[in-house]
file final.pdb (PDB, C-alpha atoms)
ATOM      1  CA  ASP A   1      49.253 -60.580   4.946
ATOM      2  CA  GLY A   2      46.293 -61.211   7.228
ATOM      3  CA  GLY A   3      42.980 -61.933   5.637
ATOM      4  CA  ILE A   4      40.283 -64.371   4.645
ATOM      5  CA  THR A   5      40.854 -66.743   1.771
ATOM      6  CA  GLN A   6      38.006 -68.391  -0.056
ATOM      7  CA  SER A   7      38.487 -71.070  -2.660
ATOM      8  CA  PRO A   8      37.745 -71.817  -5.345
ATOM      9  CA  LYS A   9      36.698 -68.555  -6.976
ATOM     10  CA  TYR A  10      34.370 -70.416  -9.340
ATOM     11  CA  LEU A  11      32.759 -73.806  -8.745
ATOM     12  CA  PHE A  12      30.412 -75.920 -10.787
ATOM     13  CA  ARG A  13      28.118 -78.520  -9.322
ATOM     14  CA  LYS A  14      26.506 -81.421 -11.092
ATOM     15  CA  GLU A  15      23.038 -82.655 -10.263
ATOM     16  CA  GLY A  16      23.035 -84.659  -7.016
ATOM     17  CA  GLN A  17      26.595 -83.744  -6.133
ATOM     18  CA  ASN A  18      27.868 -82.370  -2.832
ATOM     19  CA  VAL A  19      30.477 -79.624  -3.080
ATOM     20  CA  THR A  20      32.585 -77.957  -0.408
ATOM     21  CA  LEU A  21      33.610 -74.315  -0.325
ATOM     22  CA  SER A  22      36.750 -73.490   1.601
ATOM     23  CA  CYS A  23      37.203 -70.537   3.950
ATOM     24  CA  GLU A  24      40.420 -69.907   5.867
ATOM     25  CA  GLN A  25      41.344 -66.882   7.980
ATOM     26  CA  ASN A  26      44.600 -65.895   9.673
ATOM     27  CA  LEU A  27      43.165 -62.919  11.537
ATOM     28  CA  ASN A  28      42.779 -64.876  14.777
ATOM     29  CA  HIS A  29      39.059 -64.108  14.713
ATOM     30  CA  ASP A  30      36.687 -66.107  16.878
ATOM     31  CA  ALA A  31      33.531 -65.766  14.802
ATOM     32  CA  MET A  32      33.017 -66.901  11.236
ATOM     33  CA  TYR A  33      30.005 -66.662   8.946
ATOM     34  CA  TRP A  34      28.688 -67.917   5.637
ATOM     35  CA  TYR A  35      26.384 -65.738   3.552
ATOM     36  CA  ARG A  36      24.647 -66.367   0.269
ATOM     37  CA  GLN A  37      23.954 -63.570  -2.224
ATOM     38  CA  ASP A  38      21.621 -63.911  -5.178
ATOM     39  CA  PRO A  39      21.599 -61.341  -8.023
ATOM     40  CA  GLY A  40      20.049 -58.067  -6.902
ATOM     41  CA  GLN A  41      19.668 -59.368  -3.371
ATOM     42  CA  GLY A  42      21.296 -58.677  -0.075
ATOM     43  CA  LEU A  43      23.267 -61.191   1.948
ATOM     44  CA  ARG A  44      21.405 -63.994   3.685
ATOM     45  CA  LEU A  45      23.011 -65.837   6.582
ATOM     46  CA  ILE A  46      23.469 -69.593   6.121
ATOM     47  CA  TYR A  47      25.505 -70.646   9.173
ATOM     48  CA  TYR A  48      27.708 -68.978  11.727
ATOM     49  CA  SER A  49      30.161 -70.054  14.375
ATOM     50  CA  GLN A  50      31.192 -68.049  17.433
ATOM     51  CA  ILE A  51      33.811 -70.526  18.710
ATOM     52  CA  VAL A  52      35.584 -73.694  17.654
ATOM     53  CA  ASN A  53      33.459 -76.856  17.614
ATOM     54  CA  ASP A  54      30.229 -74.878  17.786
ATOM     55  CA  PHE A  55      28.002 -73.433  15.071
ATOM     56  CA  GLN A  56      24.411 -72.291  14.611
ATOM     57  CA  LYS A  57      21.965 -72.235  11.741
ATOM     58  CA  GLY A  58      21.262 -68.931  10.106
ATOM     59  CA  ASP A  59      18.160 -67.978   8.162
ATOM     60  CA  ILE A  60      18.618 -70.355   5.201
ATOM     61  CA  ALA A  61      20.543 -73.371   6.527
ATOM     62  CA  GLU A  62      18.533 -76.076   4.749
ATOM     63  CA  GLY A  63      20.639 -77.979   2.231
ATOM     64  CA  TYR A  64      23.935 -76.792   3.728
ATOM     65  CA  SER A  65      26.328 -78.123   6.351
ATOM     66  CA  VAL A  66      29.418 -76.724   8.075
ATOM     67  CA  SER A  67      32.151 -77.721  10.490
ATOM     68  CA  ARG A  68      34.438 -75.722  12.755
ATOM     69  CA  GLU A  69      37.213 -78.048  13.840
ATOM     70  CA  LYS A  70      39.855 -75.308  13.782
ATOM     71  CA  LYS A  71      39.659 -71.623  14.588
ATOM     72  CA  GLU A  72      41.093 -70.758  11.186
ATOM     73  CA  SER A  73      38.760 -72.839   9.045
ATOM     74  CA  PHE A  74      35.003 -72.881   8.401
ATOM     75  CA  PRO A  75      34.189 -74.950   5.303
ATOM     76  CA  LEU A  76      30.686 -74.964   3.830
ATOM     77  CA  THR A  77      29.230 -78.015   2.098
ATOM     78  CA  VAL A  78      26.414 -77.491  -0.355
ATOM     79  CA  THR A  79      24.548 -80.775  -0.372
ATOM     80  CA  SER A  80      22.361 -82.310  -3.042
ATOM     81  CA  ALA A  81      19.378 -81.323  -0.884
ATOM     82  CA  GLN A  82      19.971 -77.682  -1.829
ATOM     83  CA  LYS A  83      17.886 -77.501  -4.993
ATOM     84  CA  ASN A  84      18.815 -73.977  -6.031
ATOM     85  CA  PRO A  85      22.491 -73.580  -5.144
ATOM     86  CA  THR A  86      23.506 -71.099  -7.839
ATOM     87  CA  ALA A  87      24.650 -67.995  -5.975
ATOM     88  CA  PHE A  88      27.632 -65.970  -4.792
ATOM     89  CA  TYR A  89      28.858 -67.322  -1.458
ATOM     90  CA  LEU A  90      30.685 -65.059   0.965
ATOM     91  CA  CYS A  91      32.617 -66.082   4.041
ATOM     92  CA  ALA A  92      33.269 -63.536   6.759
ATOM     93  CA  SER A  93      34.936 -63.369  10.129
ATOM     94  CA  SER A  94      34.966 -60.996  13.058
ATOM     95  CA  MET A  95      36.626 -60.462  16.402
ATOM     96  CA  PRO A  96      34.163 -59.428  19.064
ATOM     97  CA  SER A  97      34.878 -55.786  19.845
ATOM     98  CA  GLY A  98      33.382 -54.761  23.126
ATOM     99  CA  GLU A  99      29.712 -55.614  23.134
ATOM    100  CA  THR A 100      29.383 -56.249  19.450
ATOM    101  CA  ASN A 101      31.242 -58.157  16.813
ATOM    102  CA  GLU A 102      29.979 -56.229  13.904
ATOM    103  CA  LYS A 103      33.187 -55.526  12.042
ATOM    104  CA  LEU A 104      32.946 -58.214   9.439
ATOM    105  CA  PHE A 105      35.883 -58.957   7.203
ATOM    106  CA  PHE A 106      34.828 -60.682   3.999
ATOM    107  CA  GLY A 107      36.601 -63.114   1.758
ATOM    108  CA  SER A 108      36.572 -62.565  -2.002
ATOM    109  CA  GLY A 109      33.677 -64.965  -2.553
ATOM    110  CA  THR A 110      32.925 -68.148  -4.479
ATOM    111  CA  GLN A 111      30.521 -68.169  -7.412
ATOM    112  CA  LEU A 112      28.733 -71.513  -7.485
ATOM    113  CA  SER A 113      26.848 -72.593 -10.584
ATOM    114  CA  VAL A 114      24.909 -75.710 -11.498
ATOM    115  CA  LEU A 115      25.871 -77.626 -14.622
TER     116      LEU A 115
ATOM    117  CA  GLN B   1      10.561 -61.695  10.971
ATOM    118  CA  LYS B   2      13.165 -59.005  11.464
ATOM    119  CA  GLU B   3      13.691 -57.029   8.292
ATOM    120  CA  VAL B   4      15.952 -54.459   6.753
ATOM    121  CA  GLU B   5      14.343 -52.616   3.858
ATOM    122  CA  GLN B   6      16.004 -50.720   1.071
ATOM    123  CA  ASN B   7      13.221 -50.012  -1.367
ATOM    124  CA  SER B   8      14.645 -47.513  -3.805
ATOM    125  CA  GLY B   9      15.565 -48.656  -7.275
ATOM    126  CA  PRO B  10      18.862 -47.819  -9.014
ATOM    127  CA  LEU B  11      19.958 -44.257  -8.320
ATOM    128  CA  SER B  12      21.632 -42.233 -11.039
ATOM    129  CA  VAL B  13      23.397 -39.052  -9.995
ATOM    130  CA  PRO B  14      25.585 -36.602 -11.921
ATOM    131  CA  GLU B  15      29.220 -36.393 -10.931
ATOM    132  CA  GLY B  16      29.618 -33.894  -8.107
ATOM    133  CA  ALA B  17      26.039 -34.228  -6.872
ATOM    134  CA  ILE B  18      24.784 -35.720  -3.601
ATOM    135  CA  ALA B  19      23.552 -39.318  -3.556
ATOM    136  CA  SER B  20      21.030 -40.103  -0.823
ATOM    137  CA  LEU B  21      20.198 -43.650   0.264
ATOM    138  CA  ASN B  22      17.614 -44.734   2.831
ATOM    139  CA  CYS B  23      17.093 -47.848   4.902
ATOM    140  CA  THR B  24      14.412 -48.845   7.413
ATOM    141  CA  TYR B  25      14.515 -51.654   9.933
ATOM    142  CA  SER B  26      11.920 -53.512  11.915
ATOM    143  CA  ASP B  27      13.600 -54.250  15.256
ATOM    144  CA  ARG B  28      13.229 -51.237  17.518
ATOM    145  CA  GLY B  29      15.849 -52.688  19.867
ATOM    146  CA  SER B  30      18.672 -52.587  17.324
ATOM    147  CA  GLN B  31      21.636 -50.473  18.354
ATOM    148  CA  SER B  32      24.246 -50.851  15.627
ATOM    149  CA  PHE B  33      23.919 -49.897  11.974
ATOM    150  CA  PHE B  34      26.275 -50.141   9.035
ATOM    151  CA  TRP B  35      26.695 -49.252   5.405
ATOM    152  CA  TYR B  36      28.707 -51.511   3.126
ATOM    153  CA  ARG B  37      29.814 -50.777  -0.421
ATOM    154  CA  GLN B  38      29.974 -53.625  -2.912
ATOM    155  CA  TYR B  39      31.437 -53.390  -6.379
ATOM    156  CA  SER B  40      30.116 -55.812  -8.974
ATOM    157  CA  GLY B  41      31.531 -59.298  -8.439
ATOM    158  CA  LYS B  42      33.404 -58.249  -5.305
ATOM    159  CA  SER B  43      32.829 -58.677  -1.590
ATOM    160  CA  PRO B  44      31.275 -55.939   0.558
ATOM    161  CA  GLU B  45      33.484 -53.469   2.383
ATOM    162  CA  LEU B  46      32.462 -51.486   5.436
ATOM    163  CA  ILE B  47      32.324 -47.743   4.823
ATOM    164  CA  MET B  48      30.293 -46.407   7.757
ATOM    165  CA  SER B  49      29.032 -47.504  11.142
ATOM    166  CA  ILE B  50      26.676 -45.531  13.376
ATOM    167  CA  TYR B  51      25.321 -46.227  16.840
ATOM    168  CA  SER B  52      23.744 -42.978  18.117
ATOM    169  CA  ASN B  53      20.964 -40.782  16.810
ATOM    170  CA  GLY B  54      22.144 -37.968  14.597
ATOM    171  CA  ASP B  55      24.784 -37.586  11.941
ATOM    172  CA  LYS B  56      28.210 -39.120  11.566
ATOM    173  CA  GLU B  57      30.567 -37.818   8.942
ATOM    174  CA  ASP B  58      33.596 -39.518   7.412
ATOM    175  CA  GLY B  59      35.081 -37.772   4.432
ATOM    176  CA  ARG B  60      32.452 -37.485   1.718
ATOM    177  CA  PHE B  61      30.126 -39.912   3.510
ATOM    178  CA  THR B  62      27.527 -38.986   6.135
ATOM    179  CA  ALA B  63      25.398 -41.538   7.941
ATOM    180  CA  GLN B  64      22.209 -40.395   9.641
ATOM    181  CA  LEU B  65      20.345 -42.418  12.265
ATOM    182  CA  ASN B  66      16.853 -41.880  13.663
ATOM    183  CA  LYS B  67      15.974 -44.691  16.061
ATOM    184  CA  ALA B  68      12.499 -43.325  16.820
ATOM    185  CA  SER B  69      11.567 -43.568  13.153
ATOM    186  CA  GLN B  70      13.696 -46.665  12.637
ATOM    187  CA  TYR B  71      15.622 -45.443   9.656
ATOM    188  CA  VAL B  72      19.221 -44.940   8.737
ATOM    189  CA  SER B  73      20.468 -43.082   5.687
ATOM    190  CA  LEU B  74      23.704 -42.519   3.818
ATOM    191  CA  LEU B  75      24.686 -39.373   1.964
ATOM    192  CA  ILE B  76      27.526 -39.324  -0.527
ATOM    193  CA  ARG B  77      28.679 -35.798  -1.252
ATOM    194  CA  ASP B  78      30.573 -34.746  -4.372
ATOM    195  CA  SER B  79      29.801 -38.112  -5.983
ATOM    196  CA  GLN B  80      32.582 -39.588  -8.078
ATOM    197  CA  PRO B  81      32.446 -42.296 -10.769
ATOM    198  CA  SER B  82      34.337 -44.532  -8.342
ATOM    199  CA  ASP B  83      31.306 -44.353  -6.029
ATOM    200  CA  SER B  84      29.293 -46.354  -8.579
ATOM    201  CA  ALA B  85      28.480 -49.515  -6.654
ATOM    202  CA  THR B  86      25.766 -51.229  -4.661
ATOM    203  CA  TYR B  87      25.326 -49.963  -1.121
ATOM    204  CA  LEU B  88      24.091 -52.422   1.487
ATOM    205  CA  CYS B  89      22.475 -51.383   4.747
ATOM    206  CA  ALA B  90      23.089 -53.759   7.654
ATOM    207  CA  VAL B  91      21.586 -53.900  11.134
ATOM    208  CA  LEU B  92      22.907 -55.836  14.110
ATOM    209  CA  TRP B  93      20.199 -57.850  15.820
ATOM    210  CA  GLY B  94      20.281 -58.638  19.537
ATOM    211  CA  ASN B  95      21.849 -62.071  18.993
ATOM    212  CA  ASN B  96      24.948 -60.532  17.382
ATOM    213  CA  ARG B  97      23.869 -61.345  13.858
ATOM    214  CA  LEU B  98      24.029 -58.862  11.023
ATOM    215  CA  ALA B  99      20.989 -58.627   8.737
ATOM    216  CA  PHE B 100      21.418 -57.001   5.340
ATOM    217  CA  GLY B 101      19.055 -55.124   3.088
ATOM    218  CA  LYS B 102      18.869 -55.915  -0.620
ATOM    219  CA  GLY B 103      21.053 -52.976  -1.511
ATOM    220  CA  ASN B 104      20.769 -49.862  -3.639
ATOM    221  CA  GLN B 105      22.713 -49.532  -6.866
ATOM    222  CA  VAL B 106      24.276 -46.106  -7.378
ATOM    223  CA  VAL B 107      25.458 -44.981 -10.809
ATOM    224  CA  VAL B 108      27.480 -41.772 -10.977
ATOM    225  CA  ILE B 109      27.314 -40.214 -14.421
ATOM    226  CA  PRO B 110      30.441 -38.284 -15.499
TER     227      PRO B 110
END

call {"tool": "encode", "arguments": {"input": "final.pdb", "output": "structure tokens"}}
result
Amino acid sequence: DGGITQSPKYLFRKEGQNVTLSCEQNLNHDAMYWYRQDPGQGLRLIYYSQIVNDFQKGDIAEGYSVSREKKESFPLTVTSAQKNPTAFYLCASSMPSGETNEKLFFGSGTQLSVL
Amino acid sequence: QKEVEQNSGPLSVPEGAIASLNCTYSDRGSQSFFWYRQYSGKSPELIMSIYSNGDKEDGRFTAQLNKASQYVSLLIRDSQPSDSATYLCAVLWGNNRLAFGKGNQVVVIP
């Protein structure tokens, strides 16, 4: 089945630790995104990538890093510089359709908590 | 700062009634608008997209867009308990990035 796989479902981070969230898609989509969602809040864009080996900062990139070495994969690292990392992290992908690439397909999310 | 505003608090509606959700946006140049439904602990799923002024109907859902007033709304007719969820408004900015509102929680009371 085609889709987006995020792992792990739950992740715990210790003080000063870097953690990496995995996102893999087999939809052959060009664009991939990372969003963060806090309780009662909408989704805020962390990073996005339109093509392999290229990515751009979103609205809240500080304390995060990404890579896009393969079309299928877009891992997100939450670094120790991110002082408030507890949130629900969502990965999404899209295939540009005409002039817009708005049809986002979401993974099932990773809940990150601080120990 | 481009913004998408959903200001209403939780909305409780009786089963079978109409739920009405509103969203305003700041970028007058936006052309694409979306409503996502998100169940608790789950990822959002796209339920409606609208690009032109007026109404667009899909089953029990109707999206309404007024670009002059910069608002987009969602109506849910014949509300069912399964419609209980958070509804997120999203607007596509000119750089192909989706911006989301904070969402409106809908509770359908049997």

call {"tool": "closest_residue", "arguments": {"input": "final.pdb", "among": "A:Gln6, A:Ser80, A:Ile51, A:Arg36", "to": "Arg68 (chain A)", "atoms": "only C-alpha atoms"}}
result
A:Ile51

call {"tool": "residues_near_point", "arguments": {"input": "final.pdb", "point": "(34.9, -56.1, 7.4)", "cutoff": "6 Å", "atoms": "only C-alpha atoms", "output": "CSV table (one decimal) with C-alpha atoms, in the coordinates of the input"}}
result
chain,number,residue,atom,x,y,z
A,103,LYS,CA,33.2,-55.5,12.0
A,104,LEU,CA,32.9,-58.2,9.4
A,105,PHE,CA,35.9,-59.0,7.2
A,106,PHE,CA,34.8,-60.7,4.0
B,45,GLU,CA,33.5,-53.5,2.4
B,46,LEU,CA,32.5,-51.5,5.4

call {"tool": "interface_residues", "arguments": {"input": "final.pdb", "of": "chain A", "to": "chain B", "cutoff": "12 Å", "atoms": "all atoms listed in the file", "output": "PDB file with C-alpha atoms, in the coordinates of the input"}}
result
ATOM      1  CA  ILE A   4      40.283 -64.371   4.645  1.00  0.00           C
ATOM      2  CA  THR A   5      40.854 -66.743   1.771  1.00  0.00           C
ATOM      3  CA  GLN A   6      38.006 -68.391  -0.056  1.00  0.00           C
ATOM      4  CA  LYS A   9      36.698 -68.555  -6.976  1.00  0.00           C
ATOM      5  CA  TYR A  10      34.370 -70.416  -9.340  1.00  0.00           C
ATOM      6  CA  ALA A  31      33.531 -65.766  14.802  1.00  0.00           C
ATOM      7  CA  MET A  32      33.017 -66.901  11.236  1.00  0.00           C
ATOM      8  CA  TYR A  33      30.005 -66.662   8.946  1.00  0.00           C
ATOM      9  CA  TRP A  34      28.688 -67.917   5.637  1.00  0.00           C
ATOM     10  CA  TYR A  35      26.384 -65.738   3.552  1.00  0.00           C
ATOM     11  CA  ARG A  36      24.647 -66.367   0.269  1.00  0.00           C
ATOM     12  CA  GLN A  37      23.954 -63.570  -2.224  1.00  0.00           C
ATOM     13  CA  ASP A  38      21.621 -63.911  -5.178  1.00  0.00           C
ATOM     14  CA  PRO A  39      21.599 -61.341  -8.023  1.00  0.00           C
ATOM     15  CA  GLY A  40      20.049 -58.067  -6.902  1.00  0.00           C
ATOM     16  CA  GLN A  41      19.668 -59.368  -3.371  1.00  0.00           C
ATOM     17  CA  GLY A  42      21.296 -58.677  -0.075  1.00  0.00           C
ATOM     18  CA  LEU A  43      23.267 -61.191   1.948  1.00  0.00           C
ATOM     19  CA  ARG A  44      21.405 -63.994   3.685  1.00  0.00           C
ATOM     20  CA  LEU A  45      23.011 -65.837   6.582  1.00  0.00           C
ATOM     21  CA  ILE A  46      23.469 -69.593   6.121  1.00  0.00           C
ATOM     22  CA  TYR A  47      25.505 -70.646   9.173  1.00  0.00           C
ATOM     23  CA  TYR A  48      27.708 -68.978  11.727  1.00  0.00           C
ATOM     24  CA  SER A  49      30.161 -70.054  14.375  1.00  0.00           C
ATOM     25  CA  GLN A  50      31.192 -68.049  17.433  1.00  0.00           C
ATOM     26  CA  GLN A  56      24.411 -72.291  14.611  1.00  0.00           C
ATOM     27  CA  LYS A  57      21.965 -72.235  11.741  1.00  0.00           C
ATOM     28  CA  GLY A  58      21.262 -68.931  10.106  1.00  0.00           C
ATOM     29  CA  ASP A  59      18.160 -67.978   8.162  1.00  0.00           C
ATOM     30  CA  ALA A  87      24.650 -67.995  -5.975  1.00  0.00           C
ATOM     31  CA  PHE A  88      27.632 -65.970  -4.792  1.00  0.00           C
ATOM     32  CA  TYR A  89      28.858 -67.322  -1.458  1.00  0.00           C
ATOM     33  CA  LEU A  90      30.685 -65.059   0.965  1.00  0.00           C
ATOM     34  CA  CYS A  91      32.617 -66.082   4.041  1.00  0.00           C
ATOM     35  CA  ALA A  92      33.269 -63.536   6.759  1.00  0.00           C
ATOM     36  CA  SER A  93      34.936 -63.369  10.129  1.00  0.00           C
ATOM     37  CA  SER A  94      34.966 -60.996  13.058  1.00  0.00           C
ATOM     38  CA  MET A  95      36.626 -60.462  16.402  1.00  0.00           C
ATOM     39  CA  PRO A  96      34.163 -59.428  19.064  1.00  0.00           C
ATOM     40  CA  SER A  97      34.878 -55.786  19.845  1.00  0.00           C
ATOM     41  CA  GLY A  98      33.382 -54.761  23.126  1.00  0.00           C
ATOM     42  CA  GLU A  99      29.712 -55.614  23.134  1.00  0.00           C
ATOM     43  CA  THR A 100      29.383 -56.249  19.450  1.00  0.00           C
ATOM     44  CA  ASN A 101      31.242 -58.157  16.813  1.00  0.00           C
ATOM     45  CA  GLU A 102      29.979 -56.229  13.904  1.00  0.00           C
ATOM     46  CA  LYS A 103      33.187 -55.526  12.042  1.00  0.00           C
ATOM     47  CA  LEU A 104      32.946 -58.214   9.439  1.00  0.00           C
ATOM     48  CA  PHE A 105      35.883 -58.957   7.203  1.00  0.00           C
ATOM     49  CA  PHE A 106      34.828 -60.682   3.999  1.00  0.00           C
ATOM     50  CA  GLY A 107      36.601 -63.114   1.758  1.00  0.00           C
ATOM     51  CA  SER A 108      36.572 -62.565  -2.002  1.00  0.00           C
ATOM     52  CA  GLY A 109      33.677 -64.965  -2.553  1.00  0.00           C
ATOM     53  CA  THR A 110      32.925 -68.148  -4.479  1.00  0.00           C
ATOM     54  CA  GLN A 111      30.521 -68.169  -7.412  1.00  0.00           C
TER      55      GLN A 111
END

call {"tool": "resolve_selection", "arguments": {"input": "final.pdb", "expression": "the PyMOL selection byres ((chain A and resi 14) around 12)", "output": "list in words"}}
result
Leu11, Phe12, Arg13, Glu15, Gly16, Gln17, Asn18, Val19, Val78, Thr79, Ser80, Gln82, Lys83, Asn84, Pro85, Thr86, Leu112, Ser113, Val114 and Leu115 of chain A

call {"tool": "closest_residue", "arguments": {"input": "final.pdb", "among": "B:Ser52, B:Ala17, B:Asp27, B:Val108", "to": "Arg77 (chain B)", "atoms": "only C-alpha atoms"}}
result
B:Ala17

call {"tool": "closest_residue", "arguments": {"input": "final.pdb", "among": "B:Ala19, B:Ser84, B:Pro110, B:Asp58", "to": "Tyr39 (chain B)", "atoms": "all atoms listed in the file"}}
result
B:Ser84

call {"tool": "closest_residue", "arguments": {"input": "final.pdb", "among": "A:Glu24, A:Asp54, A:Gly3, A:Asp30", "to": "Ser73 (chain A)", "atoms": "all atoms listed in the file"}}
result
A:Glu24

call {"tool": "resolve_selection", "arguments": {"input": "final.pdb", "expression": "the PyMOL selection byres ((chain B and resi 67-75) around 7)", "output": "list in words"}}
result
Ile18, Ala19, Ser20, Leu21, Asn22, Cys23, Thr24, Tyr25, Arg28, Asn53, Phe61, Thr62, Ala63, Gln64, Leu65, Asn66, Ile76 and Arg77 of chain B

call {"tool": "write_last_selection", "arguments": {"input": "final.pdb", "atoms": "C-alpha atoms", "output": "mmCIF file, in the frame of the given file"}}
result
data_model
loop_
_atom_site.group_PDB
_atom_site.id
_atom_site.type_symbol
_atom_site.label_atom_id
_atom_site.label_comp_id
_atom_site.auth_asym_id
_atom_site.auth_seq_id
_atom_site.Cartn_x
_atom_site.Cartn_y
_atom_site.Cartn_z
ATOM 1 C CA ILE B 18 24.784 -35.720 -3.601
ATOM 2 C CA ALA B 19 23.552 -39.318 -3.556
ATOM 3 C CA SER B 20 21.030 -40.103 -0.823
ATOM 4 C CA LEU B 21 20.198 -43.650 0.264
ATOM 5 C CA ASN B 22 17.614 -44.734 2.831
ATOM 6 C CA CYS B 23 17.093 -47.848 4.902
ATOM 7 C CA THR B 24 14.412 -48.845 7.413
ATOM 8 C CA TYR B 25 14.515 -51.654 9.933
ATOM 9 C CA ARG B 28 13.229 -51.237 17.518
ATOM 10 C CA ASN B 53 20.964 -40.782 16.810
ATOM 11 C CA PHE B 61 30.126 -39.912 3.510
ATOM 12 C CA THR B 62 27.527 -38.986 6.135
ATOM 13 C CA ALA B 63 25.398 -41.538 7.941
ATOM 14 C CA GLN B 64 22.209 -40.395 9.641
ATOM 15 C CA LEU B 65 20.345 -42.418 12.265
ATOM 16 C CA ASN B 66 16.853 -41.880 13.663
ATOM 17 C CA ILE B 76 27.526 -39.324 -0.527
ATOM 18 C CA ARG B 77 28.679 -35.798 -1.252
#

call {"tool": "atom_distance", "arguments": {"input": "final.pdb", "atom1": "CA of Asn26 (chain A)", "atom2": "CA of Phe74 (chain A)"}}
result
11.9 Å

call {"tool": "atom_distance", "arguments": {"input": "final.pdb", "atom1": "CA of Asp78 (chain B)", "atom2": "CA of Pro14 (chain B)"}}
result
9.2 Å

call {"tool": "closest_residue", "arguments": {"input": "final.pdb", "among": "A:Glu69, A:Ala81, A:Pro75, A:Glu62", "to": "Cys23 (chain A)", "atoms": "only C-alpha atoms"}}
result
A:Pro75

call {"tool": "atom_distance", "arguments": {"input": "final.pdb", "atom1": "CA of Tyr64 (chain A)", "atom2": "CA of Gln25 (chain A)"}}
result
20.5 Å
